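See below for the structure under consideration.
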Amino acid sequence: MQQLLVSMTDNGSSPRLLDSFDKAILRILQRDNRTPQRAIAEAVHLSAAAVQRRIAAMEKSGVIARNVAIVDPDAIGLGITSIVEVNLVDEKAATVDRAKKLFRDDPDVQQCYYVTGGRSFIMLIVAPDMRSYEATTRRLFAENESVASYHSYLALDRVKAGMELLIP
């Protein structure tokens, strides 16, 4: 039985070994986390109680970080999606930490990655319209002394979106 060691999480819990049952459960939950545990149990050939224990253990250890609903931005009037490259004035820890906090706390920033390769951050921003998007870029970038430059790419079509991870 192949196992995957998941490292210690920020919540201080101990490492968790994922076996083939855990991985199979995770694959199902990533497609639909509302799948009844009895249906998961049938699919992975375990009892419902065993599935429940495994899910609880993966939640406690941080393997399952959150249970969320993925909302279609167009359905709620968020028609603008932009991928933004951001360059900071420097990469000093204090500058980066301030930027991380600002981007993490802003509700328009849906995803944000601190990256290598000549950019400081790559992020995904959603907005209802161009006027709102301009206000967001002014607030986060143009009026931010820590930002040297930024470049926006407006999405024409959402070809694939989601967070289903390939589990080895």
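Note on naming: chains are A, B, ... as they come in the structure tokens, residues start from 1 per chain, ligands start from 1 in the order shown.
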Write out as JSON lines a residue-level contact list of region 116-161 of chain A versus region 85-103 of chain A with cut-off 9 Å: for each qualifying residue the closest pair of atoms and the distance in Å to one decimal, counting only C-alpha atoms, rows sorted by chain and residue number upward.
{"residue": "A:Gly118", "atom": "CA", "partner": "A:Asn87", "partner_atom": "CA", "distance": 7.9}
{"residue": "A:Arg119", "atom": "CA", "partner": "A:Asn87", "partner_atom": "CA", "distance": 5.2}
{"residue": "A:Ser120", "atom": "CA", "partner": "A:Asn87", "partner_atom": "CA", "distance": 4.9}
{"residue": "A:Phe121", "atom": "CA", "partner": "A:Val86", "partner_atom": "CA", "distance": 5.0}
{"residue": "A:Ile122", "atom": "CA", "partner": "A:Glu85", "partner_atom": "CA", "distance": 4.7}
{"residue": "A:Met123", "atom": "CA", "partner": "A:Glu85", "partner_atom": "CA", "distance": 6.7}
{"residue": "A:Leu140", "atom": "CA", "partner": "A:Phe103", "partner_atom": "CA", "distance": 7.6}
{"residue": "A:Phe141", "atom": "CA", "partner": "A:Val86", "partner_atom": "CA", "distance": 8.0}
{"residue": "A:Glu145", "atom": "CA", "partner": "A:Val89", "partner_atom": "CA", "distance": 7.9}
{"residue": "A:Ser146", "atom": "CA", "partner": "A:Val89", "partner_atom": "CA", "distance": 5.5}
{"residue": "A:Val147", "atom": "CA", "partner": "A:Leu88", "partner_atom": "CA", "distance": 4.4}
{"residue": "A:Ala148", "atom": "CA", "partner": "A:Val89", "partner_atom": "CA", "distance": 4.7}
{"residue": "A:Ser149", "atom": "CA", "partner": "A:Asn87", "partner_atom": "CA", "distance": 5.2}
{"residue": "A:Tyr150", "atom": "CA", "partner": "A:Val86", "partner_atom": "CA", "distance": 4.4}
{"residue": "A:His151", "atom": "CA", "partner": "A:Glu85", "partner_atom": "CA", "distance": 5.2}
{"residue": "A:Ser152", "atom": "CA", "partner": "A:Glu85", "partner_atom": "CA", "distance": 6.5}
{"residue": "A:Tyr153", "atom": "CA", "partner": "A:Glu85", "partner_atom": "CA", "distance": 8.4}
Practice task
Please run DSSP on the backbone and report, as number ranges by chain, all residues within region 49-162 of chain A that come out as strand (DSSP E).
Solution key: A: 80-88, 109-114, 121-127, 147-154
Could you write out that same residue set with C-alpha atoms as an mmCIF file, in the first residue's frame?
data_model
loop_
_atom_site.group_PDB
_atom_site.id
_atom_site.type_symbol
_atom_site.label_atom_id
_atom_site.label_comp_id
_atom_site.auth_asym_id
_atom_site.auth_seq_id
_atom_site.Cartn_x
_atom_site.Cartn_y
_atom_site.Cartn_z
ATOM 1 C CA ILE A 80 -14.357 40.898 -14.815
ATOM 2 C CA THR A 81 -11.593 38.401 -14.065
ATOM 3 C CA SER A 82 -8.011 39.618 -14.207
ATOM 4 C CA ILE A 83 -4.678 37.919 -13.725
ATOM 5 C CA VAL A 84 -2.213 40.480 -12.379
ATOM 6 C CA GLU A 85 1.581 40.437 -12.197
ATOM 7 C CA VAL A 86 2.943 42.650 -9.425
ATOM 8 C CA ASN A 87 6.520 43.820 -8.894
ATOM 9 C CA LEU A 88 7.450 45.252 -5.519
ATOM 10 C CA VAL A 109 -8.217 39.261 -4.554
ATOM 11 C CA GLN A 110 -9.366 35.677 -5.050
ATOM 12 C CA GLN A 111 -5.970 34.012 -5.306
ATOM 13 C CA CYS A 112 -2.485 35.358 -4.647
ATOM 14 C CA TYR A 113 0.904 33.705 -5.048
ATOM 15 C CA TYR A 114 4.311 35.005 -3.990
ATOM 16 C CA PHE A 121 3.208 38.242 -6.978
ATOM 17 C CA ILE A 122 0.737 36.732 -9.405
ATOM 18 C CA MET A 123 -2.893 37.111 -8.417
ATOM 19 C CA LEU A 124 -6.423 36.626 -9.617
ATOM 20 C CA ILE A 125 -8.849 39.497 -9.076
ATOM 21 C CA VAL A 126 -12.595 39.608 -9.779
ATOM 22 C CA ALA A 127 -14.797 42.681 -10.115
ATOM 23 C CA VAL A 147 4.483 48.426 -5.737
ATOM 24 C CA ALA A 148 6.989 49.300 -8.464
ATOM 25 C CA SER A 149 4.757 48.107 -11.320
ATOM 26 C CA TYR A 150 1.874 45.845 -12.195
ATOM 27 C CA HIS A 151 0.423 44.361 -15.354
ATOM 28 C CA SER A 152 -3.139 43.116 -15.808
ATOM 29 C CA TYR A 153 -4.360 40.407 -18.158
ATOM 30 C CA LEU A 154 -8.150 40.426 -18.549
#
Filtered DSSP result for chain A, state alpha helix (DSSP H), as a short mmCIF file (atom, residue, chain, number, x, y, z; two decimals) with C-alpha atoms, in the first residue's frame:
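As a result, part.cif now contains:
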data_model
loop_
_atom_site.label_atom_id
_atom_site.label_comp_id
_atom_site.auth_asym_id
_atom_site.auth_seq_id
_atom_site.Cartn_x
_atom_site.Cartn_y
_atom_site.Cartn_z
CA SER A 20 -4.76 4.58 -0.83
CA PHE A 21 -8.12 4.79 1.03
CA ASP A 22 -7.45 8.39 2.13
CA LYS A 23 -6.43 9.35 -1.41
CA ALA A 24 -9.56 7.76 -2.87
CA ILE A 25 -11.72 9.61 -0.34
CA LEU A 26 -9.98 12.90 -1.19
CA ARG A 27 -10.55 12.40 -4.93
CA ILE A 28 -14.28 11.99 -4.31
CA LEU A 29 -14.51 14.93 -1.90
CA GLN A 30 -12.71 17.23 -4.33
CA ARG A 31 -15.33 16.55 -6.99
CA GLN A 37 -20.31 9.22 3.48
CA ARG A 38 -22.15 5.97 2.79
CA ALA A 39 -21.66 6.55 -0.98
CA ILE A 40 -17.97 7.27 -0.40
CA ALA A 41 -17.73 4.13 1.73
CA GLU A 42 -19.22 2.02 -1.06
CA ALA A 43 -16.89 3.54 -3.64
CA VAL A 44 -13.71 2.98 -1.60
CA ALA A 48 -19.22 4.59 6.59
CA ALA A 49 -17.78 4.87 10.11
CA ALA A 50 -14.24 4.32 8.80
CA VAL A 51 -14.78 7.00 6.13
CA GLN A 52 -16.11 9.40 8.77
CA ARG A 53 -13.05 8.79 11.00
CA ARG A 54 -10.66 9.28 8.09
CA ILE A 55 -12.31 12.52 6.97
CA ALA A 56 -12.25 13.86 10.54
CA ALA A 57 -8.56 12.95 10.87
CA MET A 58 -7.73 14.65 7.56
CA GLU A 59 -9.60 17.78 8.66
CA LYS A 60 -7.82 17.82 12.02
CA SER A 61 -4.38 17.36 10.45
CA ALA A 93 10.88 40.86 4.36
CA ALA A 94 8.94 43.83 5.73
CA THR A 95 7.87 44.95 2.24
CA VAL A 96 6.81 41.45 1.22
CA ASP A 97 4.98 40.84 4.50
CA ARG A 98 3.02 44.11 4.16
CA ALA A 99 2.06 43.23 0.60
CA LYS A 100 1.01 39.70 1.60
CA LYS A 101 -1.23 41.08 4.32
CA LEU A 102 -2.78 43.70 2.04
CA PHE A 103 -3.49 41.18 -0.72
CA ARG A 104 -4.69 38.47 1.68
CA ASP A 105 -7.14 40.85 3.36
CA MET A 130 -14.27 47.99 -15.20
CA ARG A 131 -14.96 50.97 -12.93
CA SER A 132 -14.75 48.72 -9.86
CA TYR A 133 -11.69 46.97 -11.25
CA GLU A 134 -9.95 50.33 -11.76
CA ALA A 135 -10.74 51.29 -8.15
CA THR A 136 -9.22 48.00 -6.97
CA THR A 137 -6.04 48.47 -9.01
#
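When only C-alpha atoms are used to measure the gap to Leu17 (chain A), the shortest distance among A:Arg34, A:Arg139, A:Val63, A:Pro73 belongs to A:Val63.
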Residues within 12 Å of Lys160 (chain A), please, as an mmCIF file with N, CA and C atoms, in the first residue's frame. Count only C-alpha atoms; anything in the same chain fewer than 4 positions from it doesn't count.
data_model
loop_
_atom_site.group_PDB
_atom_site.id
_atom_site.type_symbol
_atom_site.label_atom_id
_atom_site.label_comp_id
_atom_site.auth_asym_id
_atom_site.auth_seq_id
_atom_site.Cartn_x
_atom_site.Cartn_y
_atom_site.Cartn_z
ATOM 1 N N ASP A 72 -19.968 30.476 -9.243
ATOM 2 C CA ASP A 72 -19.711 30.995 -10.580
ATOM 3 C C ASP A 72 -19.733 32.522 -10.506
ATOM 4 N N ALA A 155 -9.235 38.276 -18.483
ATOM 5 C CA ALA A 155 -9.642 36.975 -19.000
ATOM 6 C C ALA A 155 -10.809 37.145 -19.967
ATOM 7 N N GLU A 164 -9.397 21.249 -7.885
ATOM 8 C CA GLU A 164 -9.225 19.808 -7.736
ATOM 9 C C GLU A 164 -7.773 19.439 -8.014
#
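Interatomic distance, CA of Leu46 (chain A) against CA of Met163 (chain A): 25.8 Å.
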Fill in the blank from the handout: As a check of understanding: the span from CA of Arg138 (chain A) to CA of Asp108 (chain A) is 12.5 Å
